[in-house]
$ cat structure-v6.cif   # mmCIF, C-alpha atoms
data_upload
loop_
_atom_site.label_atom_id
_atom_site.label_comp_id
_atom_site.auth_asym_id
_atom_site.auth_seq_id
_atom_site.Cartn_x
_atom_site.Cartn_y
_atom_site.Cartn_z
CA MET Z 1 0.00 0.00 0.00
CA LYS Z 2 1.38 3.40 -0.96
CA THR Z 3 1.47 6.02 1.78
CA HIS Z 4 2.44 9.68 1.78
CA ASP Z 5 4.80 11.63 4.00
CA THR Z 6 6.26 15.13 4.12
CA THR Z 7 9.42 16.86 5.30
CA ASP Z 8 11.17 20.18 4.85
CA VAL Z 9 14.32 18.75 3.28
CA ALA Z 10 14.88 15.25 1.89
CA ILE Z 11 18.51 14.17 1.52
CA ILE Z 12 19.37 11.12 -0.60
CA GLY Z 13 22.42 9.39 0.88
CA ALA Z 14 23.94 9.25 4.36
CA GLY Z 15 27.60 9.62 3.36
CA PRO Z 16 29.74 12.66 4.26
CA SER Z 17 27.90 15.25 2.15
CA GLY Z 18 24.48 14.00 3.22
CA ALA Z 19 25.45 13.88 6.89
CA ALA Z 20 27.06 17.34 6.77
CA ALA Z 21 24.06 18.99 5.09
CA ALA Z 22 21.64 17.17 7.41
CA ALA Z 23 23.52 18.24 10.54
CA TRP Z 24 23.80 21.86 9.44
CA LEU Z 25 20.09 22.14 8.58
CA ALA Z 26 18.81 20.17 11.57
CA ARG Z 27 20.74 22.39 13.97
CA ARG Z 28 18.71 25.29 12.62
CA GLY Z 29 15.38 23.65 13.36
CA ILE Z 30 14.67 22.44 9.84
CA ASN Z 31 12.92 19.08 9.47
CA VAL Z 32 15.41 16.83 7.64
CA ARG Z 33 14.88 13.28 6.36
CA VAL Z 34 17.92 11.32 5.13
CA ILE Z 35 17.21 8.37 2.82
CA GLU Z 36 20.00 5.77 2.55
CA ARG Z 37 19.76 2.61 0.45
CA GLN Z 38 22.38 0.67 2.42
CA ARG Z 39 22.69 -0.43 6.03
CA PHE Z 40 25.46 1.28 7.99
CA PRO Z 41 28.27 0.76 8.78
CA ARG Z 42 29.34 -0.12 5.25
CA PHE Z 43 32.61 -0.18 3.35
CA SER Z 44 33.51 2.77 1.14
CA ILE Z 45 36.61 3.87 -0.71
CA GLY Z 46 37.99 7.42 -0.36
CA GLU Z 47 39.85 7.08 2.91
CA SER Z 48 42.47 9.82 2.92
CA LEU Z 49 41.00 13.16 3.96
CA LEU Z 50 42.39 16.63 3.22
CA PRO Z 51 42.86 19.34 5.87
CA GLN Z 52 40.18 21.52 4.25
CA CYS Z 53 37.69 18.88 5.48
CA MET Z 54 38.36 19.95 9.07
CA VAL Z 55 36.96 23.41 8.34
CA HIS Z 56 33.74 21.94 6.96
CA LEU Z 57 33.34 19.35 9.72
CA GLU Z 58 33.59 22.10 12.31
CA ALA Z 59 31.17 24.34 10.40
CA CYS Z 60 28.43 21.69 10.41
CA GLY Z 61 29.08 20.69 14.01
CA LEU Z 62 30.45 17.22 13.28
CA LEU Z 63 34.11 17.65 14.18
CA ASP Z 64 33.58 16.52 17.76
CA ALA Z 65 31.71 13.43 16.53
CA VAL Z 66 34.79 12.13 14.73
CA GLN Z 67 37.59 13.43 16.96
CA THR Z 68 36.96 10.59 19.40
CA GLY Z 69 37.62 8.03 16.66
CA ASP Z 70 40.98 6.26 16.65
CA PHE Z 71 41.92 7.64 13.25
CA GLN Z 72 45.41 7.87 11.79
CA PHE Z 73 46.87 11.39 11.95
CA LYS Z 74 47.78 12.83 8.53
CA ASN Z 75 49.97 15.84 7.79
CA GLY Z 76 50.80 15.48 4.12
CA ALA Z 77 51.47 13.36 1.06
CA ALA Z 78 54.60 11.49 -0.01
CA PHE Z 79 55.44 10.46 -3.56
CA THR Z 80 57.72 7.74 -4.89
CA TRP Z 81 59.01 6.88 -8.37
CA ARG Z 82 61.92 4.51 -8.88
CA ASP Z 83 64.63 5.78 -6.50
CA ARG Z 84 63.02 9.19 -6.04
CA TYR Z 85 61.04 10.23 -2.99
CA ALA Z 86 59.36 13.56 -2.26
CA ALA Z 87 57.19 14.59 0.67
CA ILE Z 88 54.81 17.54 0.93
CA ASP Z 89 53.87 18.69 4.43
CA PHE Z 90 50.43 20.28 4.41
CA ARG Z 91 51.38 22.42 7.41
CA ASP Z 92 53.79 24.27 5.13
CA LYS Z 93 51.19 25.87 2.89
CA PHE Z 94 50.15 29.18 1.40
CA SER Z 95 46.49 29.24 2.48
CA PRO Z 96 45.22 29.78 6.03
CA GLY Z 97 43.44 26.95 7.80
CA PRO Z 98 44.26 23.55 9.30
CA GLY Z 99 47.26 21.67 7.96
CA THR Z 100 46.46 18.25 9.38
CA THR Z 101 43.62 15.77 9.19
CA TRP Z 102 43.07 11.99 9.32
CA GLN Z 103 43.21 8.86 7.22
CA VAL Z 104 40.07 6.90 8.00
CA GLU Z 105 38.33 3.63 7.49
CA ARG Z 106 35.16 4.99 6.00
CA ALA Z 107 32.77 2.50 7.60
CA ASP Z 108 33.59 3.95 11.03
CA PHE Z 109 34.04 7.54 9.86
CA ASP Z 110 30.76 7.71 7.95
CA GLN Z 111 28.89 6.06 10.81
CA ARG Z 112 30.15 8.73 13.21
CA LEU Z 113 29.08 11.49 10.83
CA ILE Z 114 25.53 10.25 10.32
CA ASP Z 115 25.19 9.50 14.05
CA GLY Z 116 26.20 13.11 14.67
CA ALA Z 117 23.56 14.30 12.20
CA ARG Z 118 20.92 12.23 14.00
CA GLN Z 119 21.97 13.69 17.33
CA ALA Z 120 21.54 17.14 15.77
CA GLY Z 121 17.93 16.24 14.98
CA ALA Z 122 17.94 14.71 11.50
CA SER Z 123 15.85 11.62 10.81
CA VAL Z 124 17.57 8.79 8.92
CA GLU Z 125 16.00 5.85 7.09
CA PHE Z 126 18.41 3.06 6.11
CA GLU Z 127 17.77 0.34 3.53
CA THR Z 128 15.39 2.59 1.64
CA GLN Z 129 15.70 3.28 -2.08
CA VAL Z 130 14.54 6.14 -4.27
CA GLU Z 131 12.67 4.75 -7.27
CA ALA Z 132 11.24 7.91 -8.79
CA PHE Z 133 11.51 11.67 -8.51
CA VAL Z 134 9.31 14.56 -9.56
CA ALA Z 135 11.10 17.90 -9.72
CA ASP Z 136 9.16 20.97 -8.61
CA HIS Z 137 10.22 24.44 -7.49
CA ASP Z 138 8.02 24.28 -4.38
CA ARG Z 139 7.15 20.63 -3.66
CA PRO Z 140 9.53 18.07 -5.20
CA SER Z 141 8.63 14.49 -4.36
CA LEU Z 142 10.33 11.11 -4.11
CA THR Z 143 8.94 7.61 -4.43
CA LEU Z 144 10.60 5.38 -1.82
CA VAL Z 145 10.74 1.62 -1.32
CA ASP Z 146 11.91 0.19 2.00
CA ALA Z 147 13.56 -3.16 2.82
CA ASN Z 148 10.15 -4.84 3.09
CA GLY Z 149 9.11 -3.69 -0.37
CA GLU Z 150 6.67 -1.12 0.99
CA GLN Z 151 6.29 1.87 -1.28
CA ARG Z 152 5.49 5.41 -0.22
CA SER Z 153 5.92 8.95 -1.43
CA LEU Z 154 7.89 11.63 0.36
CA GLN Z 155 7.13 15.24 -0.48
CA ALA Z 156 9.68 17.88 0.50
CA ARG Z 157 10.24 21.57 0.10
CA PHE Z 158 13.74 20.85 -1.23
CA VAL Z 159 15.79 17.74 -2.11
CA LEU Z 160 19.56 17.33 -1.85
CA ASP Z 161 21.13 14.39 -3.68
CA ALA Z 162 24.12 13.07 -1.73
CA SER Z 163 23.94 9.56 -3.21
CA GLY Z 164 27.58 9.42 -4.33
CA TYR Z 165 28.33 6.93 -7.10
CA GLY Z 166 24.62 5.99 -7.10
CA ARG Z 167 23.98 9.41 -8.71
CA VAL Z 168 20.24 9.01 -8.17
CA LEU Z 169 18.89 12.32 -9.41
CA ALA Z 170 21.41 12.64 -12.24
CA ARG Z 171 19.95 9.39 -13.62
CA LEU Z 172 16.30 10.11 -12.87
CA THR Z 173 16.37 13.64 -14.30
CA GLY Z 174 18.54 12.91 -17.33
CA LEU Z 175 21.26 15.31 -16.19
CA ALA Z 176 24.04 12.70 -16.30
CA ARG Z 177 26.69 13.14 -18.97
CA PRO Z 178 29.96 11.29 -19.63
CA SER Z 179 33.10 12.67 -18.07
CA THR Z 180 35.74 13.98 -20.44
CA LEU Z 181 38.40 12.34 -18.27
CA GLU Z 182 39.84 9.07 -19.51
CA SER Z 183 38.12 5.97 -18.13
CA ARG Z 184 40.32 4.24 -15.57
CA CYS Z 185 40.12 1.26 -13.24
CA ALA Z 186 41.14 0.94 -9.58
CA LEU Z 187 41.93 -2.31 -7.75
CA PHE Z 188 42.26 -2.12 -3.97
CA THR Z 189 42.09 -3.91 -0.64
CA HIS Z 190 42.74 -3.47 3.09
CA ILE Z 191 45.76 -5.10 4.69
CA GLU Z 192 47.56 -5.70 7.91
CA ASP Z 193 50.58 -3.84 6.61
CA ARG Z 194 53.22 -5.18 9.06
CA ILE Z 195 55.58 -2.41 7.99
CA ASP Z 196 58.72 -2.39 10.13
CA CYS Z 197 60.76 0.17 8.18
CA SER Z 198 62.03 2.91 10.51
CA HIS Z 199 61.98 5.47 7.68
CA TYR Z 200 58.32 4.94 6.77
CA ASP Z 201 56.12 7.96 7.55
CA ARG Z 202 52.64 6.80 8.63
CA ASP Z 203 51.50 10.42 8.88
CA LYS Z 204 51.33 10.74 5.09
CA ILE Z 205 49.56 9.01 2.25
CA LEU Z 206 52.14 7.42 -0.06
CA ILE Z 207 51.46 7.81 -3.79
CA GLY Z 208 53.65 5.85 -6.17
CA LEU Z 209 54.25 5.93 -9.91
CA HIS Z 210 54.91 2.70 -11.79
CA PRO Z 211 58.61 2.59 -12.74
CA GLU Z 212 57.80 2.07 -16.45
CA HIS Z 213 54.09 2.73 -17.12
CA SER Z 214 53.50 6.47 -16.59
CA GLY Z 215 49.71 6.06 -16.51
CA ILE Z 216 49.72 3.63 -13.58
CA TRP Z 217 49.93 4.83 -10.00
CA TYR Z 218 49.46 3.47 -6.47
CA TRP Z 219 48.21 4.49 -3.07
CA LEU Z 220 49.21 3.32 0.37
CA ILE Z 221 46.97 4.85 3.03
CA PRO Z 222 47.98 3.86 6.57
CA PHE Z 223 45.27 3.49 9.20
CA SER Z 224 45.65 3.14 12.93
CA GLN Z 225 46.43 -0.21 14.57
CA GLY Z 226 48.71 -1.41 11.78
CA ARG Z 227 46.15 -1.56 8.99
CA ALA Z 228 46.25 0.18 5.61
CA SER Z 229 44.47 0.61 2.30
CA VAL Z 230 46.42 -0.20 -0.86
CA GLY Z 231 45.40 0.23 -4.47
CA VAL Z 232 46.55 0.56 -8.06
CA VAL Z 233 44.97 2.73 -10.75
CA GLY Z 234 45.42 2.44 -14.50
CA ASP Z 235 43.69 1.65 -17.74
CA ARG Z 236 41.64 -1.53 -17.65
CA ALA Z 237 43.50 -3.36 -20.41
CA THR Z 238 46.92 -2.92 -18.80
CA LEU Z 239 45.67 -3.99 -15.38
CA GLU Z 240 43.85 -7.05 -16.68
CA ALA Z 241 46.86 -8.23 -18.68
CA ALA Z 242 48.83 -8.59 -15.45
CA GLY Z 243 47.04 -11.66 -14.03
CA VAL Z 244 44.16 -14.12 -14.13
CA ASP Z 245 42.17 -12.37 -11.41
CA ASP Z 246 42.12 -9.04 -9.57
CA ASN Z 247 44.06 -10.40 -6.59
CA GLU Z 248 46.95 -11.48 -8.81
CA ARG Z 249 46.78 -8.23 -10.77
CA LEU Z 250 46.87 -5.97 -7.72
CA TRP Z 251 49.81 -7.73 -6.11
CA HIS Z 252 51.68 -7.96 -9.41
CA PHE Z 253 51.66 -4.20 -9.68
CA LEU Z 254 52.38 -3.58 -5.99
CA HIS Z 255 55.47 -5.78 -6.27
CA ALA Z 256 56.56 -3.86 -9.37
CA GLU Z 257 57.03 -0.60 -7.42
CA PRO Z 258 60.36 -0.88 -5.53
CA ARG Z 259 59.46 1.07 -2.40
CA LEU Z 260 56.03 -0.50 -2.00
CA ASN Z 261 57.47 -3.94 -2.68
CA LYS Z 262 59.81 -3.53 0.29
CA LEU Z 263 57.29 -1.89 2.61
CA LEU Z 264 54.62 -4.53 1.95
CA ALA Z 265 56.88 -7.58 2.02
CA ASN Z 266 55.01 -9.00 5.04
CA ALA Z 267 51.56 -7.56 4.33
CA LYS Z 268 48.43 -9.68 4.63
CA ALA Z 269 45.13 -8.84 2.93
CA ILE Z 270 42.15 -8.69 5.31
CA ARG Z 271 39.36 -8.18 2.78
CA ASP Z 272 38.54 -9.22 -0.77
CA ILE Z 273 39.94 -7.23 -3.66
CA GLY Z 274 37.66 -4.39 -4.70
CA ARG Z 275 37.32 -2.96 -8.18
CA LEU Z 276 36.02 0.44 -9.23
CA GLU Z 277 36.05 1.48 -12.86
CA GLY Z 278 34.60 4.16 -15.06
CA TYR Z 279 34.23 6.23 -11.89
CA SER Z 280 34.75 9.69 -13.39
CA ALA Z 281 31.36 11.35 -13.91
CA ASP Z 282 29.76 14.69 -14.68
CA VAL Z 283 26.34 16.30 -15.09
CA GLU Z 284 24.81 18.99 -17.28
CA GLN Z 285 24.17 21.08 -14.17
CA LEU Z 286 24.25 20.66 -10.40
CA HIS Z 287 20.76 21.91 -9.65
CA GLY Z 288 17.19 21.97 -10.92
CA PRO Z 289 13.66 22.81 -9.76
CA GLY Z 290 13.62 22.07 -6.06
CA PHE Z 291 16.88 20.09 -5.93
CA ALA Z 292 20.68 20.27 -5.93
CA LEU Z 293 23.42 17.67 -6.36
CA LEU Z 294 26.20 17.27 -3.80
CA GLY Z 295 29.65 15.67 -4.08
CA ASN Z 296 30.00 12.58 -6.24
CA ALA Z 297 26.28 12.66 -7.05
CA GLY Z 298 27.22 15.51 -9.38
CA GLU Z 299 30.81 15.38 -10.59
CA PHE Z 300 33.65 13.04 -9.61
CA LEU Z 301 37.16 13.46 -10.97
CA ASP Z 302 39.76 10.93 -9.88
CA PRO Z 303 41.05 9.47 -6.59
CA VAL Z 304 44.68 10.54 -7.06
CA PHE Z 305 44.59 13.59 -4.75
CA SER Z 306 41.83 12.42 -2.40
CA SER Z 307 39.58 15.32 -3.33
CA GLY Z 308 36.28 13.39 -3.15
CA VAL Z 309 35.33 13.94 0.50
CA THR Z 310 36.57 17.54 0.38
CA ILE Z 311 34.35 18.35 -2.60
CA ALA Z 312 31.45 16.49 -0.97
CA LEU Z 313 31.71 18.49 2.25
CA ASP Z 314 32.28 21.77 0.43
CA SER Z 315 29.18 21.23 -1.69
CA ALA Z 316 27.11 20.41 1.40
CA LEU Z 317 28.23 23.53 3.25
CA ARG Z 318 27.52 25.69 0.19
CA ALA Z 319 24.08 24.22 -0.40
CA ALA Z 320 22.69 23.99 3.14
CA PRO Z 321 22.65 27.75 3.90
CA LEU Z 322 21.03 28.40 0.51
CA VAL Z 323 18.34 25.82 1.26
CA GLU Z 324 17.65 27.50 4.60
CA ARG Z 325 17.31 30.87 2.91
CA GLN Z 326 15.06 29.50 0.16
CA LEU Z 327 12.77 27.85 2.71
CA ALA Z 328 12.53 31.23 4.43
CA GLY Z 329 11.16 32.74 1.20
CA GLU Z 330 14.30 34.19 -0.35
CA LYS Z 331 14.85 33.72 -4.09
CA ILE Z 332 18.11 31.85 -4.65
CA ASP Z 333 20.11 31.90 -7.88
CA TRP Z 334 21.49 28.36 -7.63
CA ASP Z 335 23.73 28.83 -10.63
CA SER Z 336 25.66 31.88 -9.42
CA GLN Z 337 25.45 31.16 -5.68
CA PHE Z 338 26.09 27.40 -5.70
CA GLU Z 339 27.14 25.82 -8.96
CA GLN Z 340 29.64 28.34 -10.30
CA PRO Z 341 31.63 28.76 -7.05
CA LEU Z 342 31.64 25.00 -6.41
CA ARG Z 343 32.80 24.19 -9.92
CA ARG Z 344 35.65 26.70 -9.66
CA GLY Z 345 37.28 24.63 -6.94
CA ILE Z 346 36.54 21.40 -8.79
CA ALA Z 347 38.20 22.92 -11.87
CA THR Z 348 41.34 23.57 -9.82
CA PHE Z 349 41.46 19.95 -8.72
CA ARG Z 350 40.87 18.88 -12.31
CA GLU Z 351 43.86 20.88 -13.55
CA PHE Z 352 46.02 19.09 -10.98
CA VAL Z 353 44.58 15.70 -12.01
CA ASP Z 354 45.30 16.46 -15.67
CA ALA Z 355 48.81 17.59 -14.77
CA TRP Z 356 49.37 14.36 -12.84
CA TYR Z 357 48.45 12.13 -15.77
CA ASP Z 358 50.24 14.12 -18.47
CA GLY Z 359 53.42 14.18 -16.38
CA ARG Z 360 53.71 17.85 -15.50
CA LEU Z 361 52.92 17.43 -11.82
CA PRO Z 362 55.31 14.50 -11.22
CA ARG Z 363 58.00 16.64 -12.86
CA ILE Z 364 57.20 19.43 -10.38
CA ILE Z 365 56.88 17.22 -7.31
CA PHE Z 366 60.14 15.34 -7.85
CA ASN Z 367 62.14 18.48 -8.58
CA ASP Z 368 64.32 19.30 -5.58
CA GLN Z 369 65.19 22.84 -6.69
CA GLN Z 370 61.74 24.29 -6.08
CA ILE Z 371 61.27 27.70 -4.50
CA PRO Z 372 59.74 27.22 -1.01
CA ARG Z 373 56.96 29.76 -1.62
CA ILE Z 374 55.85 27.93 -4.75
CA ARG Z 375 56.01 24.63 -2.88
CA GLU Z 376 53.65 26.12 -0.30
CA MET Z 377 51.19 27.11 -3.02
CA ILE Z 378 51.20 23.57 -4.43
CA SER Z 379 50.82 22.20 -0.90
CA SER Z 380 47.73 24.34 -0.33
CA VAL Z 381 45.88 22.88 -3.30
CA LEU Z 382 46.86 19.33 -2.38
CA ALA Z 383 45.63 20.07 1.16
CA GLY Z 384 42.21 20.85 -0.30
CA TYR Z 385 42.26 24.67 -0.40
CA ALA Z 386 41.24 24.68 -4.06
CA TRP Z 387 38.88 27.65 -3.64
CA ASP Z 388 41.52 30.08 -2.33
CA GLU Z 389 41.70 32.58 -5.19
CA GLU Z 390 44.60 34.34 -3.47
CA ASN Z 391 46.73 31.35 -4.43
CA PRO Z 392 48.14 31.79 -7.97
CA PHE Z 393 47.90 28.01 -8.47
CA VAL Z 394 44.15 28.32 -7.90
CA ALA Z 395 43.54 31.57 -9.76
CA ALA Z 396 45.51 30.44 -12.83
CA SER Z 397 46.09 26.71 -12.33
CA ARG Z 398 46.72 25.65 -15.92
CA ARG Z 399 49.11 28.44 -16.81
CA ARG Z 400 51.03 28.22 -13.55
CA LEU Z 401 51.38 24.43 -13.68
CA HIS Z 402 52.54 24.55 -17.29
CA SER Z 403 55.14 27.24 -16.62
CA LEU Z 404 56.42 25.53 -13.50
CA ALA Z 405 56.66 22.16 -15.23
CA GLU Z 406 58.68 23.76 -18.03
CA ALA Z 407 61.05 25.15 -15.43
CA CYS Z 408 61.41 21.68 -13.89
CA SER Z 409 62.41 20.00 -17.14
CA ASP Z 410 65.44 18.24 -15.64
CA ILE Z 411 63.31 15.22 -14.71
CA SER Z 412 63.55 12.41 -17.25
CA SER Z 413 60.88 11.69 -19.82
CA HIS Z 414 59.72 8.61 -17.91
CA ALA Z 415 58.56 10.75 -15.00
CA THR Z 416 56.95 13.29 -17.29
CA GLY Z 417 54.86 10.72 -19.12
CA GLU Z 418 56.57 11.50 -22.43
CA GLY Z 419 58.32 8.13 -22.68
#
$ encode --input "structure-v6.cif" --output "structure tokens"
Amino acid sequence: MKTHDTTDVAIIGAGPSGAAAAAWLARRGINVRVIERQRFPRFSIGESLLPQCMVHLEACGLLDAVQTGDFQFKNGAAFTWRDRYAAIDFRDKFSPGPGTTWQVERADFDQRLIDGARQAGASVEFETQVEAFVADHDRPSLTLVDANGEQRSLQARFVLDASGYGRVLARLTGLARPSTLESRCALFTHIEDRIDCSHYDRDKILIGLHPEHSGIWYWLIPFSQGRASVGVVGDRATLEAAGVDDNERLWHFLHAEPRLNKLLANAKAIRDIGRLEGYSADVEQLHGPGFALLGNAGEFLDPVFSSGVTIALDSALRAAPLVERQLAGEKIDWDSQFEQPLRRGIATFREFVDAWYDGRLPRIIFNDQQIPRIREMISSVLAGYAWDEENPFVAASRRRLHSLAEACSDISSHATGEG
């Protein structure tokens, strides 16, 4: 039997952007209903946060909810290629704001966030799917189906889509469009890392480049209590040619990178190999009549610089105040007040992703003659401060990266992706 329900704001998805928006709105007395298709806690990729996240978590009142977690401290990113090693400390940066954050197992992290949103007053329904959506400036509505197969409609005054890779409203409204980024594949797992190297820095994510294939890279994200996330990213054909199954393929590539091969000599996998491919996505626009798209539900770039959660939280903290104002009767220009500013930061990240894959950024990172002030500007973007227009590498990312890479031309063609 179909029933009807109402709320002020319906949020699709209980991940970081959904939890952040829900907490912010609920703390202001707005009736919020979060609809999540899975049961929490649940596994998710995207485990290395950026310091910019700390600003957003504090702004929505969720920082305290996660500070009690036993999460691995993070202060930067390290990079390895053949015998080269370079580390960027996020505390040495151009932009103001925190310079440290955490590396997290998302099942625990996301659970803490949505629990914090519930404590702030948001209502959450797990194991409930959105089957249909009707856009409307004043009363958008969702058709929901719960775990028992019961169908009902939920009418809201505004809908936020925080469904991540599910991209619910992008599909239901026809806004989805292919990303212009090359399609890539990621293989990953969690391990007991058993790293006993005295020189290994657990306070940084380690990003590696394959010694021969410039388009293949790795991550090693240490967690607390001796665990870690490891993964390899590349084109599907190259990855699949390396073994008969994903387990063999992942470990083949991990053993091919000298530093990772040594660090992970005693590692033991503690979960099945995961695969994520064709993950880059985009939409025609990030808003419509009575709705807006947050985080990965709109555009997702690439995992290389861990920008996903940062963009998710930034989008939530841009959208929530606008929703509050619209519910109060104010006319909101969602294009100029939400989409354009959000996409400016995403565009900065995209320039850095492009520069990573075409070899300019590795050339910059592994150059040891860099001016400290320029290094701080690069550090700021990699720390998540991609909206700081005072930073020349935000205001003119493409031109600055190109010029700097040209000046760092002493790195060999293998590192630049030209070989």
$ residues_around --input "structure-v6.cif" --residues "range 371-380 of chain Z" --least-positions-apart "5" --cutoff "7 Å" --atoms "only C-alpha atoms" --output "count of residues only"
9
$ resolve_selection --input "structure-v6.cif" --expression "the PyMOL selection byres ((chain Z and resi 259) around 12)" --output "NGL selection string"
:Z and (78-85 or 195 or 197 or 199-200 or 206-211 or 218-220 or 253-258 or 260-265)
$ resolve_selection --input "structure-v6.cif" --expression "the PyMOL selection byres ((chain Z and resi 174) around 12)" --output "CSV table (one decimal) with C-alpha atoms, in the frame of the given file"
chain,number,residue,atom,x,y,z
Z,133,PHE,CA,11.5,11.7,-8.5
Z,135,ALA,CA,11.1,17.9,-9.7
Z,167,ARG,CA,24.0,9.4,-8.7
Z,168,VAL,CA,20.2,9.0,-8.2
Z,169,LEU,CA,18.9,12.3,-9.4
Z,170,ALA,CA,21.4,12.6,-12.2
Z,171,ARG,CA,20.0,9.4,-13.6
Z,172,LEU,CA,16.3,10.1,-12.9
Z,173,THR,CA,16.4,13.6,-14.3
Z,175,LEU,CA,21.3,15.3,-16.2
Z,176,ALA,CA,24.0,12.7,-16.3
Z,177,ARG,CA,26.7,13.1,-19.0
Z,178,PRO,CA,30.0,11.3,-19.6
Z,282,ASP,CA,29.8,14.7,-14.7
Z,283,VAL,CA,26.3,16.3,-15.1
Z,284,GLU,CA,24.8,19.0,-17.3
Z,285,GLN,CA,24.2,21.1,-14.2
Z,286,LEU,CA,24.2,20.7,-10.4
Z,288,GLY,CA,17.2,22.0,-10.9
$ atom_distance --input "structure-v6.cif" --atom1 "CA of Gln369 in chain Z" --atom2 "CA of Cys408 in chain Z"
8.2 Å
$ axis_aligned_box --input "structure-v6.cif" --around "range 184-191 of chain Z" --padding-each-side "5 Å" --output "lines of an AutoDock Vina configuration file"
center_x = 42.9
center_y = -0.4
center_z = -5.4
size_x = 15.6
size_y = 19.3
size_z = 30.3
$ atom_distance --input "structure-v6.cif" --atom1 "CA of Asp110 in chain Z" --atom2 "CA of Asn247 in chain Z"
26.8 Å
$ atom_distance --input "structure-v6.cif" --atom1 "CA of Thr7 in chain Z" --atom2 "CA of Glu150 in chain Z"
18.7 Å
$ residues_near_point --input "structure-v6.cif" --point "(5.8, 15.7, -6.6)" --cutoff "10 Å" --atoms "only C-alpha atoms" --output "list of chain:residue names"
Z:Ala132, Z:Phe133, Z:Val134, Z:Ala135, Z:Asp136, Z:His137, Z:Asp138, Z:Arg139, Z:Pro140, Z:Ser141, Z:Leu142, Z:Thr143, Z:Ser153, Z:Leu154, Z:Gln155, Z:Ala156, Z:Arg157
$ write_last_selection --input "structure-v6.cif" --atoms "C-alpha atoms" --output "JSON list (two decimals), in the coordinates of the input"
[["chain", "number", "residue", "atom", "x", "y", "z"],
["Z", 132, "ALA", "CA", 11.24, 7.91, -8.79],
["Z", 133, "PHE", "CA", 11.51, 11.67, -8.51],
["Z", 134, "VAL", "CA", 9.31, 14.56, -9.56],
["Z", 135, "ALA", "CA", 11.10, 17.90, -9.72],
["Z", 136, "ASP", "CA", 9.16, 20.97, -8.61],
["Z", 137, "HIS", "CA", 10.22, 24.44, -7.49],
["Z", 138, "ASP", "CA", 8.02, 24.28, -4.38],
["Z", 139, "ARG", "CA", 7.15, 20.63, -3.66],
["Z", 140, "PRO", "CA", 9.53, 18.07, -5.20],
["Z", 141, "SER", "CA", 8.63, 14.49, -4.36],
["Z", 142, "LEU", "CA", 10.33, 11.11, -4.11],
["Z", 143, "THR", "CA", 8.94, 7.61, -4.43],
["Z", 153, "SER", "CA", 5.92, 8.95, -1.43],
["Z", 154, "LEU", "CA", 7.89, 11.63, 0.36],
["Z", 155, "GLN", "CA", 7.13, 15.24, -0.48],
["Z", 156, "ALA", "CA", 9.68, 17.88, 0.50],
["Z", 157, "ARG", "CA", 10.24, 21.57, 0.10]]
$ build_atoms --input "structure-v6.cif" --residues "range 11-22 of chain Z" --atoms "N, CA and C atoms" --output "compact mmCIF listing (two decimals), keeping the file's coordinate frame"
# COMPACT_ATOMS: atom_id res chain seq x y z
N ILE Z 11 17.13 14.34 1.96
CA ILE Z 11 18.51 14.17 1.52
C ILE Z 11 18.70 12.71 1.12
N ILE Z 12 19.14 12.48 -0.10
CA ILE Z 12 19.37 11.12 -0.60
C ILE Z 12 20.83 10.76 -0.34
N GLY Z 13 21.06 9.83 0.59
CA GLY Z 13 22.42 9.39 0.88
C GLY Z 13 22.90 9.87 2.23
N ALA Z 14 23.48 8.94 3.00
CA ALA Z 14 23.94 9.25 4.36
C ALA Z 14 25.46 9.32 4.47
N GLY Z 15 26.15 9.46 3.33
CA GLY Z 15 27.60 9.62 3.36
C GLY Z 15 27.99 11.00 3.85
N PRO Z 16 29.26 11.39 3.69
CA PRO Z 16 29.74 12.66 4.26
C PRO Z 16 28.95 13.89 3.83
N SER Z 17 28.63 14.04 2.55
CA SER Z 17 27.90 15.25 2.15
C SER Z 17 26.48 15.25 2.69
N GLY Z 18 25.83 14.09 2.68
CA GLY Z 18 24.48 14.00 3.22
C GLY Z 18 24.44 14.27 4.71
N ALA Z 19 25.39 13.69 5.44
CA ALA Z 19 25.45 13.88 6.89
C ALA Z 19 25.75 15.33 7.24
N ALA Z 20 26.68 15.95 6.50
CA ALA Z 20 27.06 17.34 6.77
C ALA Z 20 25.89 18.29 6.54
N ALA Z 21 25.21 18.13 5.39
CA ALA Z 21 24.06 18.99 5.09
C ALA Z 21 22.94 18.76 6.10
N ALA Z 22 22.70 17.49 6.46
CA ALA Z 22 21.64 17.17 7.41
C ALA Z 22 21.92 17.79 8.78
